[in-house]
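Listing of final.cif; format and content: mmCIF, C-alpha atoms.
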data_entry
loop_
_atom_site.label_atom_id
_atom_site.label_comp_id
_atom_site.auth_asym_id
_atom_site.auth_seq_id
_atom_site.Cartn_x
_atom_site.Cartn_y
_atom_site.Cartn_z
CA MET W 1 12.39 12.91 -0.12
CA ILE W 2 9.35 10.81 0.69
CA SER W 3 7.47 11.54 -2.52
CA PRO W 4 9.76 11.87 -5.53
CA HIS W 5 6.82 11.05 -7.82
CA HIS W 6 3.10 11.49 -7.60
CA PHE W 7 0.94 9.76 -10.15
CA PRO W 8 -2.67 10.81 -10.78
CA SER W 9 -5.60 8.55 -10.08
CA ARG W 10 -8.08 7.63 -12.77
CA CYS W 11 -10.83 6.39 -10.52
CA GLY W 12 -14.45 7.09 -11.37
CA PRO W 13 -17.05 8.92 -9.29
CA ASN W 14 -18.96 7.57 -6.35
CA LYS W 15 -22.22 6.08 -7.67
CA ARG W 16 -23.58 3.60 -5.17
CA THR W 17 -22.84 1.83 -1.89
CA ILE W 18 -23.28 -1.67 -0.51
CA THR W 19 -25.22 -2.57 2.59
CA HIS W 20 -23.28 -3.69 5.62
CA SER W 21 -25.62 -6.63 6.22
CA GLN W 22 -25.09 -8.02 2.72
CA LEU W 23 -21.32 -7.92 3.09
CA LYS W 24 -21.27 -9.44 6.58
CA GLN W 25 -23.51 -12.30 5.50
CA THR W 26 -21.71 -13.22 2.30
CA MET W 27 -18.00 -12.49 2.66
CA PRO W 28 -15.47 -14.53 4.66
CA ARG W 29 -12.84 -12.69 6.65
CA TYR W 30 -9.63 -12.36 4.69
CA SER W 31 -6.67 -14.52 5.60
CA PRO W 32 -3.45 -14.80 3.58
CA ARG W 33 -3.62 -18.56 4.06
CA SER W 34 -7.25 -19.06 3.00
CA LEU W 35 -7.51 -21.96 0.52
CA PRO W 36 -8.66 -23.04 -1.93
CA LEU W 37 -8.64 -19.63 -3.59
CA ARG W 38 -10.86 -20.57 -6.53
CA SER W 39 -13.75 -21.95 -4.52
CA LEU W 40 -13.54 -19.11 -1.99
CA PHE W 41 -13.61 -16.39 -4.60
CA SER W 42 -16.34 -18.13 -6.59
CA ARG W 43 -18.58 -18.04 -3.52
CA LEU W 44 -17.71 -14.39 -2.96
CA LEU W 45 -18.68 -13.51 -6.54
CA GLN W 46 -21.83 -15.58 -6.45
CA HIS W 47 -23.32 -13.80 -3.45
CA SER W 48 -21.57 -10.42 -3.42
CA PRO W 49 -22.76 -7.30 -5.27
CA LEU W 50 -19.13 -6.81 -6.33
CA SER W 51 -17.41 -8.58 -9.21
CA THR W 52 -13.96 -8.77 -10.70
CA SER W 53 -14.63 -5.84 -13.03
CA ALA W 54 -12.93 -2.56 -12.23
CA SER W 55 -16.11 -0.66 -13.01
CA ARG W 56 -18.05 -2.50 -10.30
CA LEU W 57 -15.48 -1.68 -7.62
CA THR W 58 -15.33 1.89 -8.84
CA ASP W 59 -19.12 2.22 -8.75
CA ALA W 60 -19.28 0.67 -5.27
CA GLY W 61 -16.82 3.07 -3.66
CA PRO W 62 -15.83 4.63 -1.45
CA LEU W 63 -15.31 1.47 0.60
CA ALA W 64 -13.31 0.79 3.75
CA SER W 65 -11.71 -2.40 5.04
CA ARG W 66 -10.07 -3.40 8.27
CA LEU W 67 -6.83 -5.08 7.16
CA SER W 68 -6.59 -8.27 9.18
CA SER W 69 -3.60 -9.24 7.03
CA ARG W 70 -1.59 -6.44 8.68
CA ALA W 71 -0.27 -6.09 12.24
CA VAL W 72 0.99 -3.03 14.15
CA LEU W 73 4.39 -2.65 15.79
CA ARG W 74 5.37 0.17 18.15
CA PHE W 75 8.87 1.73 18.20
CA SER W 76 9.85 3.95 21.12
CA GLY W 77 13.01 5.27 22.71
CA PRO W 78 15.56 8.03 22.12
CA ASP W 79 17.32 6.17 19.29
CA THR W 80 14.16 5.25 17.34
CA ALA W 81 14.71 7.62 14.41
CA LYS W 82 18.42 6.86 14.02
CA TYR W 83 17.82 3.11 14.28
CA LEU W 84 15.15 3.03 11.55
CA GLN W 85 16.97 5.53 9.34
CA ASN W 86 20.00 3.23 9.16
CA LEU W 87 17.86 0.17 8.52
CA LEU W 88 15.09 0.95 6.01
CA THR W 89 15.07 1.94 2.34
CA ASN W 90 13.25 5.25 2.78
CA ASP W 91 13.99 8.50 4.60
CA ILE W 92 12.03 8.40 7.86
CA LEU W 93 13.42 11.65 9.34
CA PRO W 94 10.44 13.75 8.12
CA LEU W 95 8.32 11.76 10.60
CA THR W 96 10.38 13.23 13.44
CA GLN W 97 10.37 16.86 12.32
CA SER W 98 8.42 19.70 13.92
CA PRO W 99 5.45 21.28 12.09
CA PRO W 100 6.34 23.82 9.39
CA GLN W 101 6.27 27.41 10.57
CA ALA W 102 3.84 29.89 9.03
CA SER W 103 5.61 32.68 7.16
CA ASP W 104 3.18 35.51 7.93
CA ASP W 105 -0.04 36.44 9.71
CA THR W 106 -2.16 35.29 6.76
CA ASP W 107 -0.64 31.82 6.86
CA ARG W 108 -1.04 31.62 10.61
CA ALA W 109 -4.72 32.55 10.36
CA SER W 110 -5.34 29.80 7.82
CA TYR W 111 -4.15 27.18 10.30
CA ILE W 112 -7.11 27.69 12.66
CA SER W 113 -8.37 24.27 13.67
CA THR W 114 -11.10 22.62 15.70
CA PRO W 115 -9.90 21.25 19.07
CA ASN W 116 -9.56 17.68 17.82
CA VAL W 117 -7.58 18.45 14.68
CA ALA W 118 -3.79 18.62 14.68
CA LEU W 119 -2.36 21.66 12.88
CA TYR W 120 0.09 19.43 11.09
CA ARG W 121 0.70 15.71 11.02
CA PRO W 122 3.60 14.25 9.02
CA PRO W 123 2.37 11.83 6.32
CA PRO W 124 3.22 8.12 6.65
CA VAL W 125 6.32 6.67 5.04
CA TYR W 126 6.35 3.45 3.01
CA ALA W 127 9.65 1.58 3.22
CA ALA W 128 11.19 -1.87 3.09
CA LEU W 129 13.69 -3.87 5.10
CA LEU W 130 16.18 -5.72 2.89
CA THR W 131 18.78 -8.42 3.26
CA PRO W 132 22.42 -7.29 3.21
CA GLN W 133 22.45 -8.49 -0.42
CA GLY W 134 19.64 -6.08 -1.31
CA ARG W 135 16.78 -8.59 -1.51
CA PHE W 136 13.34 -7.82 -0.12
CA LEU W 137 12.36 -9.04 3.35
CA TYR W 138 9.42 -7.00 4.67
CA ASP W 139 7.47 -3.85 3.84
CA LEU W 140 6.38 -1.31 6.45
CA PHE W 141 4.10 1.72 6.63
CA LEU W 142 5.45 4.03 9.33
CA TYR W 143 3.24 6.54 11.17
CA ARG W 144 3.83 9.07 13.89
CA PRO W 145 0.87 8.89 16.31
CA PRO W 146 -0.71 12.13 17.55
CA PRO W 147 0.80 13.52 20.77
CA VAL W 148 -1.33 13.52 23.89
CA GLU W 149 -1.88 17.28 23.90
CA GLU W 150 -3.55 17.06 20.46
CA MET W 151 -6.22 14.61 21.66
CA LEU W 152 -9.52 15.52 23.25
CA ASP W 153 -9.98 15.21 26.97
CA ARG W 154 -12.61 12.90 28.47
CA SER W 155 -15.32 15.55 28.26
CA GLY W 156 -14.67 16.11 24.57
CA SER W 157 -14.67 19.87 25.08
CA GLY W 158 -11.01 20.55 24.39
CA PRO W 159 -7.48 19.19 24.16
CA MET W 160 -5.80 17.44 27.04
CA LYS W 161 -3.76 19.69 29.30
CA GLU W 162 -0.76 17.55 30.08
CA GLU W 163 2.29 17.74 27.89
CA SER W 164 3.58 14.52 26.38
CA ASP W 165 7.28 13.81 26.37
CA ARG W 166 9.06 14.72 23.16
CA GLU W 167 10.56 11.28 22.67
CA VAL W 168 9.70 9.95 19.22
CA THR W 169 7.23 7.07 19.09
CA LEU W 170 6.38 5.48 15.73
CA LEU W 171 3.85 2.86 14.70
CA ALA W 172 4.48 0.43 11.83
CA ASP W 173 1.91 -1.41 9.74
CA VAL W 174 3.51 -4.79 8.82
CA ASP W 175 2.58 -8.20 7.38
CA ASN W 176 0.60 -10.06 10.04
CA GLU W 177 1.60 -13.48 8.71
CA PHE W 178 5.25 -12.79 9.50
CA VAL W 179 4.87 -10.45 12.48
CA ASP W 180 6.82 -12.64 14.93
CA GLU W 181 9.61 -13.11 12.40
CA ILE W 182 9.69 -9.36 11.70
CA LEU W 183 9.94 -8.61 15.42
CA SER W 184 12.79 -11.06 15.82
CA THR W 185 14.67 -9.64 12.81
CA LEU W 186 14.26 -6.04 13.95
CA LYS W 187 15.50 -6.87 17.45
CA ARG W 188 18.61 -8.53 16.03
CA TYR W 189 19.52 -5.25 14.33
CA ARG W 190 18.91 -3.25 17.51
CA LEU W 191 22.32 -4.01 19.08
CA ARG W 192 22.96 -1.21 21.61
CA SER W 193 20.40 1.22 20.22
CA LYS W 194 18.03 2.59 22.84
CA VAL W 195 14.81 1.58 21.11
CA GLU W 196 11.96 -0.65 22.27
CA ILE W 197 10.01 -2.71 19.73
CA GLU W 198 6.73 -4.38 20.63
CA ASN W 199 3.67 -5.89 19.01
CA ALA W 200 0.81 -3.42 19.47
CA SER W 201 -1.78 -5.28 17.38
CA ASP W 202 -4.13 -5.68 20.33
CA ASP W 203 -4.30 -1.90 20.68
CA PHE W 204 -4.38 -0.82 17.03
CA SER W 205 -5.82 -1.92 13.68
CA CYS W 206 -4.91 -1.03 10.09
CA TRP W 207 -7.59 0.29 7.73
CA GLN W 208 -7.80 1.19 4.03
CA ARG W 209 -10.33 3.41 2.19
CA PHE W 210 -10.42 2.71 -1.55
CA GLY W 211 -12.58 2.50 -4.66
CA GLY W 212 -14.40 5.10 -6.70
CA GLY W 213 -14.83 8.57 -5.23
CA VAL W 214 -11.91 8.24 -2.81
CA SER W 215 -8.68 9.10 -4.61
CA ASN W 216 -7.86 12.78 -5.04
CA ALA W 217 -11.19 13.67 -3.49
CA ASN W 218 -11.75 17.24 -2.38
CA PRO W 219 -13.23 16.80 1.11
CA SER W 220 -15.53 19.79 0.78
CA SER W 221 -17.14 18.58 -2.46
CA GLU W 222 -16.48 14.87 -3.06
CA GLU W 223 -16.92 13.90 0.59
CA PRO W 224 -19.18 16.51 2.25
CA GLU W 225 -19.49 14.37 5.38
CA ALA W 226 -15.83 15.13 6.10
CA SER W 227 -16.77 18.67 7.04
CA SER W 228 -18.60 17.38 10.08
CA ILE W 229 -15.74 15.24 11.34
CA GLY W 230 -12.98 17.51 12.45
CA TRP W 231 -12.42 19.74 9.44
CA GLY W 232 -13.95 22.92 10.83
CA THR W 233 -11.99 25.88 9.49
CA GLY W 234 -8.67 24.05 9.52
CA VAL W 235 -6.61 23.79 6.35
CA ASP W 236 -4.77 20.62 5.46
CA ARG W 237 -1.90 22.30 3.65
CA ALA W 238 -0.17 19.09 2.58
CA ALA W 239 -3.44 17.50 1.36
CA GLU W 240 -2.42 14.43 3.30
CA SER W 241 -5.69 13.42 4.91
CA SER W 242 -9.21 12.68 3.78
CA ALA W 243 -10.61 13.41 7.21
CA GLN W 244 -9.13 14.27 10.56
CA GLY W 245 -10.33 13.91 14.06
CA THR W 246 -11.93 11.30 16.21
CA GLU W 247 -12.20 11.42 19.96
CA HIS W 248 -8.62 10.09 19.95
CA GLY W 249 -7.12 12.50 17.42
CA TRP W 250 -6.34 9.83 14.79
CA GLN W 251 -6.74 10.42 11.08
CA TRP W 252 -6.65 9.05 7.53
CA PHE W 253 -3.69 9.71 5.22
CA THR W 254 -3.29 9.49 1.47
CA ASP W 255 -1.69 6.12 0.76
CA PRO W 256 2.04 6.96 0.50
CA ARG W 257 2.47 4.65 -2.50
CA LEU W 258 -0.13 5.97 -4.96
CA ASP W 259 -3.11 8.31 -4.79
CA SER W 260 -5.20 5.74 -6.67
CA LEU W 261 -4.89 3.30 -3.76
CA GLY W 262 -6.96 5.64 -1.60
CA PHE W 263 -6.33 6.36 2.08
CA ARG W 264 -4.65 4.35 4.80
CA GLY W 265 -4.45 4.69 8.55
CA ILE W 266 -3.84 3.10 11.94
CA PHE W 267 -6.66 3.49 14.46
CA PRO W 268 -7.35 2.25 18.00
CA SER W 269 -8.86 -1.24 17.80
CA ASN W 270 -11.88 -0.27 19.90
CA THR W 271 -13.00 2.49 17.51
CA THR W 272 -14.34 2.79 13.99
CA PRO W 273 -12.40 5.33 11.88
CA PRO W 274 -14.12 8.50 10.65
CA LEU W 275 -16.06 8.20 7.37
CA VAL W 276 -16.52 4.43 7.81
CA GLU W 277 -20.24 3.93 7.92
CA ALA W 278 -22.09 0.61 8.15
CA ASP W 279 -22.87 0.52 4.44
CA LYS W 280 -19.28 1.39 3.45
CA GLU W 281 -17.34 -1.28 5.32
CA THR W 282 -16.43 -4.29 3.21
CA ASP W 283 -14.26 -7.37 3.39
CA GLU W 284 -10.54 -7.11 2.78
CA TRP W 285 -10.81 -9.27 -0.33
CA ASN W 286 -12.20 -6.25 -2.18
CA TYR W 287 -9.21 -4.11 -1.22
CA VAL W 288 -6.89 -6.90 -2.42
CA LEU W 289 -8.75 -7.00 -5.73
CA TRP W 290 -8.52 -3.20 -6.08
CA ARG W 291 -4.80 -3.38 -5.39
CA LEU W 292 -4.22 -6.17 -7.93
CA MET W 293 -6.01 -4.24 -10.66
CA ILE W 294 -3.67 -1.29 -10.05
CA GLY W 295 -0.67 -3.63 -10.07
CA ILE W 296 0.55 -3.45 -6.48
CA ALA W 297 1.93 -6.28 -4.36
CA GLU W 298 1.89 -6.04 -0.58
CA GLY W 299 3.51 -8.14 2.11
CA SER W 300 6.08 -10.90 2.11
CA SER W 301 3.64 -13.49 0.78
CA GLU W 302 3.20 -11.56 -2.50
CA ILE W 303 6.75 -10.17 -2.71
CA PRO W 304 9.01 -13.25 -2.34
CA LYS W 305 10.94 -12.86 0.90
CA GLY W 306 14.71 -13.12 0.46
CA GLU W 307 14.42 -13.29 -3.35
CA ALA W 308 12.68 -10.21 -4.78
CA ILE W 309 14.69 -7.25 -6.05
CA PRO W 310 12.75 -4.15 -4.89
CA LEU W 311 13.23 -2.20 -8.12
CA GLU W 312 11.66 -5.05 -10.11
CA TYR W 313 8.64 -4.72 -7.83
CA ASN W 314 8.40 -1.02 -8.70
CA PHE W 315 9.40 0.25 -5.25
CA ALA W 316 11.04 3.32 -6.77
CA GLY W 317 7.73 4.31 -8.37
CA LEU W 318 5.88 3.61 -5.11
CA ASN W 319 7.85 6.15 -3.06
CA ALA W 320 9.50 3.41 -1.02
CA ILE W 321 13.16 4.19 -1.73
CA SER W 322 15.24 7.28 -1.07
CA PHE W 323 18.31 7.51 -3.30
CA ASP W 324 19.92 10.38 -1.39
CA LYS W 325 19.43 9.46 2.29
CA GLY W 326 22.73 7.60 2.67
CA CYS W 327 23.47 4.04 3.70
CA TYR W 328 21.00 1.42 4.86
CA VAL W 329 20.95 -2.37 4.85
CA GLY W 330 21.13 -3.62 1.24
CA GLN W 331 21.69 -0.15 -0.22
CA GLU W 332 24.61 -1.10 -2.48
CA LEU W 333 22.64 -3.36 -4.84
CA ILE W 334 19.72 -0.93 -5.01
CA ALA W 335 21.96 2.00 -5.90
CA ARG W 336 23.93 0.04 -8.48
CA THR W 337 20.81 -1.32 -10.18
CA HIS W 338 19.12 2.08 -10.16
CA HIS W 339 22.04 3.93 -11.71
CA ARG W 340 22.41 1.37 -14.49
CA GLY W 341 18.97 2.55 -15.55
CA VAL W 342 17.45 -0.64 -17.00
CA ILE W 343 15.06 -2.93 -15.15
CA ARG W 344 14.31 -5.87 -17.45
CA LYS W 345 11.57 -7.43 -15.33
CA ARG W 346 8.74 -5.69 -13.50
CA LEU W 347 5.71 -6.64 -11.47
CA THR W 348 2.84 -6.26 -13.93
CA PRO W 349 -0.94 -6.59 -13.57
CA PHE W 350 -2.81 -8.93 -15.89
CA ARG W 351 -6.19 -10.52 -16.40
CA LEU W 352 -7.13 -14.05 -17.38
CA VAL W 353 -9.27 -14.30 -20.52
CA ASP W 354 -10.58 -17.08 -22.76
CA ALA W 355 -10.35 -17.34 -26.55
CA ASN W 356 -13.17 -14.80 -26.91
CA GLY W 357 -11.51 -12.25 -24.65
CA GLU W 358 -13.96 -12.84 -21.79
CA GLU W 359 -12.57 -12.76 -18.26
CA VAL W 360 -12.41 -16.15 -16.55
CA GLU W 361 -11.49 -17.31 -13.06
CA GLU W 362 -8.64 -19.73 -12.54
CA ALA W 363 -7.07 -21.20 -9.42
CA THR W 364 -3.41 -20.38 -9.97
CA SER W 365 -0.78 -20.72 -7.31
CA PRO W 366 2.09 -18.25 -6.85
CA GLY W 367 5.10 -19.34 -8.87
CA SER W 368 3.08 -20.65 -11.84
CA GLU W 369 4.97 -20.01 -15.06
CA ILE W 370 3.78 -17.57 -17.72
CA MET W 371 4.86 -18.65 -21.21
CA ASP W 372 5.05 -17.24 -24.72
CA ASP W 373 2.69 -19.58 -26.57
CA GLU W 374 4.55 -19.30 -29.88
CA SER W 375 8.16 -19.70 -28.72
CA GLY W 376 7.50 -21.74 -25.59
CA LYS W 377 9.82 -19.46 -23.63
CA LYS W 378 9.15 -18.55 -20.03
CA ILE W 379 8.22 -14.86 -19.76
CA GLY W 380 7.56 -14.63 -16.04
CA THR W 381 5.87 -16.02 -12.96
CA VAL W 382 2.59 -15.44 -11.16
CA ASN W 383 2.71 -13.69 -7.78
CA LYS W 384 -1.00 -13.66 -6.98
CA VAL W 385 -4.34 -14.25 -8.70
CA LEU W 386 -7.76 -13.37 -7.35
CA GLY W 387 -10.62 -14.38 -9.63
CA SER W 388 -9.64 -13.16 -13.10
CA LYS W 389 -7.14 -10.52 -11.93
CA GLY W 390 -3.51 -11.09 -11.06
CA ILE W 391 0.00 -9.74 -10.82
CA GLY W 392 3.21 -11.35 -12.00
CA LEU W 393 6.91 -10.62 -12.48
CA LEU W 394 7.34 -10.44 -16.26
CA LYS W 395 10.06 -9.64 -18.78
CA ILE W 396 8.83 -6.26 -19.99
CA GLU W 397 10.34 -6.46 -23.47
CA GLU W 398 8.60 -9.76 -24.17
CA ALA W 399 5.35 -9.12 -22.30
CA PHE W 400 4.51 -5.91 -24.17
CA LYS W 401 5.74 -7.04 -27.58
CA PRO W 402 2.97 -6.65 -30.20
CA ALA W 403 1.07 -9.84 -31.06
CA THR W 404 2.61 -11.78 -28.18
CA ARG W 405 0.26 -14.45 -26.83
CA LEU W 406 0.95 -15.29 -23.20
CA ILE W 407 -0.46 -18.35 -21.47
CA LEU W 408 -0.11 -20.22 -18.20
CA LYS W 409 2.10 -23.27 -18.53
CA ASN W 410 0.05 -26.39 -19.35
CA ILE W 411 -3.17 -24.35 -19.67
CA GLU W 412 -3.24 -23.46 -23.36
CA ASP W 413 -6.90 -22.37 -23.56
CA LEU W 414 -6.30 -19.52 -21.12
CA LYS W 415 -4.68 -16.28 -22.21
CA ILE W 416 -2.74 -13.81 -20.06
CA GLU W 417 -3.59 -10.24 -21.04
CA VAL W 418 -1.02 -7.88 -19.55
CA ILE W 419 -2.04 -4.36 -18.54
CA ARG W 420 0.21 -1.33 -18.44
CA PRO W 421 -0.82 0.68 -15.34
CA ASP W 422 -1.63 4.35 -15.80
CA TRP W 423 0.78 5.28 -13.03
CA TRP W 424 3.85 3.77 -14.72
CA PRO W 425 6.28 6.46 -15.94
CA ALA W 426 6.64 6.44 -19.72
CA GLU W 427 10.36 5.73 -19.51
CA TRP W 428 9.76 2.31 -17.96
CA ILE W 429 8.39 1.15 -21.31
CA GLN W 430 10.32 3.47 -23.65
CA VAL W 431 13.72 2.11 -22.60
CA HIS W 432 12.72 -1.40 -23.58
CA ASP W 433 10.99 -0.24 -26.80
CA GLN W 434 14.22 1.48 -27.84
CA GLN W 435 16.26 -1.61 -27.08
CA HIS W 436 13.89 -3.76 -29.10
CA VAL W 437 14.04 -1.43 -32.11
CA ALA W 438 17.87 -1.28 -31.94
CA ALA W 439 18.11 -5.09 -31.77
CA SER W 440 15.84 -5.55 -34.82
CA THR W 441 17.71 -3.13 -37.09
#
Output the structure of this file as structure tokens.
Amino acid sequence: MISPHHFPSRCGPNKRTITHSQLKQTMPRYSPRSLPLRSLFSRLLQHSPLSTSASRLTDAGPLASRLSSRAVLRFSGPDTAKYLQNLLTNDILPLTQSPPQASDDTDRASYISTPNVALYRPPPVYAALLTPQGRFLYDLFLYRPPPVEEMLDRSGSGPMKEESDREVTLLADVDNEFVDEILSTLKRYRLRSKVEIENASDDFSCWQRFGGGVSNANPSSEEPEASSIGWGTGVDRAAESSAQGTEHGWQWFTDPRLDSLGFRGIFPSNTTPPLVEADKETDEWNYVLWRLMIGIAEGSSEIPKGEAIPLEYNFAGLNAISFDKGCYVGQELIARTHHRGVIRKRLTPFRLVDANGEEVEEATSPGSEIMDDESGKKIGTVNKVLGSKGIGLLKIEEAFKPATRLILKNIEDLKIEVIRPDWWPAEWIQVHDQQHVAAST
């Protein structure tokens, strides 16, 4: 299944917003290759109303960012579903299924919708493409775009009349830095499959809504403006979208990884998504910061390509792996590691603090070593740091040991304070606690 786990969000309420003019004047456009990180982020903090504190981002929400770090691929052809099902870690077949049928007249009546709202739209699927040895290559968010007959006509008075063909077309949100490499890799796996793969980034853009007041929001109360953008009397039975309906029939979806990440969607490049107002659009850096605080890596620049083991990067807890779908590339290692039941290292969020426990900024490159100050042993490595927040692959047993003092190698006056995310299942820590107790007795 797509969602074996759902973890609650702990985001605060919506308290204030930020003006569009302030953000446009002060924030550079995000690029995965922007350097130096320290000077860039220092300028952002100096002029921006936001800061590295979680409370500031929570108070500023809901925010929305166009993700220039992501590109869009289009898959089409009669073998699209079979091709991707045999390739990716997750079960993509729900994207190809027909809408669920109402069981009685009451159910059917509750599905009344405005003309620009689809009765049902399958939620996106988060998945990964692996090497044959089970190492991470690329992550993908897969969407099924709305069919033509569910979009408004040119007059805006009703749905289009023509019927679209029933051939499955899917869109994929992928890492823009490696888009050409991803295309080449996917085409190598195509063999004789009847599927076309093309870069559709000129036509579509990826967006994220995040921050306080977004996650688990009830559209009728938390976001009253949603009622004027396509909700009408329709019922979103699966609670998948924050708002539906533009003149094109596109919509937001709950981020398939975690509710606390907010909402994600692919929209035509020449439009602004619903609920994105001038004072709510912000630079992508703020989404990256929100994601780091939750403890989520994204893209092949943060998840080492050809090296990372997906389970160590918490893909099982992020609804990215199906353990009952059957074979896919790299499935053997994933299944074997999963059934052994112990993951000794995990991607973990942390913050950089000084001797007084105050957050500090530090320019730290990916791959920097995290050490136990007392023993001098290497505990893990840094994957990404933005300001005072970061994520790193750490040995769980050592990182969460009481009284452990973690530092960056050769920077002794800086402490690494690890954070256990709220969305982590208890057993991820309990297994290692039990092992530690057994070893000490």
- Task: Compare W:Leu393, W:Leu129, W:Met371, W:Ile429 by their minimum atom-to-atom distance to Arg405 (chain W), counting only C-alpha atoms, and give me the closest one.
- Result: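 Selected residue with least distance to Arg405 (chain W): W:Met371.
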Once the PyMOL selection byres ((chain W and resi 185) around 12) has been applied to the shown file, what residues remain in the selection, as a count of residues only? 20
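Checking W:Val214, W:Leu258, W:Lys384, W:Leu57 one by one against Gly299 (chain W), counting all atoms listed in the file, you find the shortest gap at W:Lys384.
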Exactly which residues make up the result of the PyMOL selection byres ((chain W and resi 346) around 9) on this file, given as a ChimeraX atom specification?
/W:311-314,343-345,347-348,392-396
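When CA of Pro124 (chain W) is paired with CA of Ile309 (chain W), their separation reads 23.0 Å.
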Pick out the residues sitting within 10 Å of Glu369 (chain W), and hand them over as a PyMOL selection string; count only C-alpha atoms, and ignore anything fewer than 6 positions along from it in its own chain. chain W and resi 377-383+392-394+407-410
I'd like the neighbourhood of Ser76 (chain W) as a list of chain:residue names, where a residue qualifies if any of its atoms comes within 7 Å (using only C-alpha atoms), though same-chain residues fewer than 2 positions away should be ignored.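 Near Ser76 (chain W), the qualifying residues are W:Arg74, W:Thr80, W:Val168, W:Thr169, W:Leu170, W:Val195, W:Glu196, W:Ile197.
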Using all atoms listed in the file, the best pick from W:Val276, W:Leu140, W:Ile294, W:Ala316 as closest to Pro62 (chain W) would be W:Val276
Would you kindly place all heavy atoms on region 270-275 of chain W and return the model as a PDB file, in the coordinates of the input?
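Output below, filename selection_18.pdb:
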ATOM      1  N   ASN W 270     -10.535  -0.356  19.329  1.00  0.00           N
ATOM      2  CA  ASN W 270     -11.880  -0.270  19.900  1.00  0.00           C
ATOM      3  C   ASN W 270     -12.721   0.843  19.282  1.00  0.00           C
ATOM      4  O   ASN W 270     -13.772   1.196  19.801  1.00  0.00           O
ATOM      5  CB  ASN W 270     -11.809  -0.078  21.414  1.00  0.00           C
ATOM      6  CG  ASN W 270     -11.077   1.203  21.794  1.00  0.00           C
ATOM      7  OD1 ASN W 270     -10.501   1.870  20.940  1.00  0.00           O
ATOM      8  ND2 ASN W 270     -11.098   1.535  23.075  1.00  0.00           N
ATOM      9  N   THR W 271     -12.247   1.414  18.157  1.00  0.00           N
ATOM     10  CA  THR W 271     -13.000   2.490  17.510  1.00  0.00           C
ATOM     11  C   THR W 271     -13.179   2.182  16.026  1.00  0.00           C
ATOM     12  O   THR W 271     -12.437   1.391  15.435  1.00  0.00           O
ATOM     13  CB  THR W 271     -12.276   3.842  17.630  1.00  0.00           C
ATOM     14  OG1 THR W 271     -11.042   3.783  16.903  1.00  0.00           O
ATOM     15  CG2 THR W 271     -11.995   4.199  19.075  1.00  0.00           C
ATOM     16  N   THR W 272     -14.155   2.820  15.440  1.00  0.00           N
ATOM     17  CA  THR W 272     -14.340   2.790  13.990  1.00  0.00           C
ATOM     18  C   THR W 272     -13.823   4.101  13.434  1.00  0.00           C
ATOM     19  O   THR W 272     -14.187   5.173  13.931  1.00  0.00           O
ATOM     20  CB  THR W 272     -15.817   2.618  13.620  1.00  0.00           C
ATOM     21  OG1 THR W 272     -16.285   1.383  14.154  1.00  0.00           O
ATOM     22  CG2 THR W 272     -16.002   2.610  12.108  1.00  0.00           C
ATOM     23  N   PRO W 273     -12.968   4.082  12.412  1.00  0.00           N
ATOM     24  CA  PRO W 273     -12.400   5.330  11.880  1.00  0.00           C
ATOM     25  C   PRO W 273     -13.480   6.260  11.349  1.00  0.00           C
ATOM     26  O   PRO W 273     -14.582   5.835  11.005  1.00  0.00           O
ATOM     27  CB  PRO W 273     -11.489   4.838  10.750  1.00  0.00           C
ATOM     28  CG  PRO W 273     -11.199   3.419  11.069  1.00  0.00           C
ATOM     29  CD  PRO W 273     -12.421   2.893  11.743  1.00  0.00           C
ATOM     30  N   PRO W 274     -13.176   7.557  11.251  1.00  0.00           N
ATOM     31  CA  PRO W 274     -14.120   8.500  10.650  1.00  0.00           C
ATOM     32  C   PRO W 274     -14.396   8.136   9.199  1.00  0.00           C
ATOM     33  O   PRO W 274     -13.538   7.575   8.517  1.00  0.00           O
ATOM     34  CB  PRO W 274     -13.403   9.854  10.763  1.00  0.00           C
ATOM     35  CG  PRO W 274     -11.960   9.515  10.903  1.00  0.00           C
ATOM     36  CD  PRO W 274     -11.921   8.224  11.655  1.00  0.00           C
ATOM     37  N   LEU W 275     -15.599   8.439   8.742  1.00  0.00           N
ATOM     38  CA  LEU W 275     -16.060   8.200   7.370  1.00  0.00           C
ATOM     39  C   LEU W 275     -16.298   6.724   7.060  1.00  0.00           C
ATOM     40  O   LEU W 275     -16.563   6.384   5.917  1.00  0.00           O
ATOM     41  CB  LEU W 275     -15.083   8.781   6.338  1.00  0.00           C
ATOM     42  CG  LEU W 275     -14.814  10.282   6.427  1.00  0.00           C
ATOM     43  CD1 LEU W 275     -13.908  10.726   5.277  1.00  0.00           C
ATOM     44  CD2 LEU W 275     -16.092  11.093   6.424  1.00  0.00           C
TER      45      LEU W 275
END
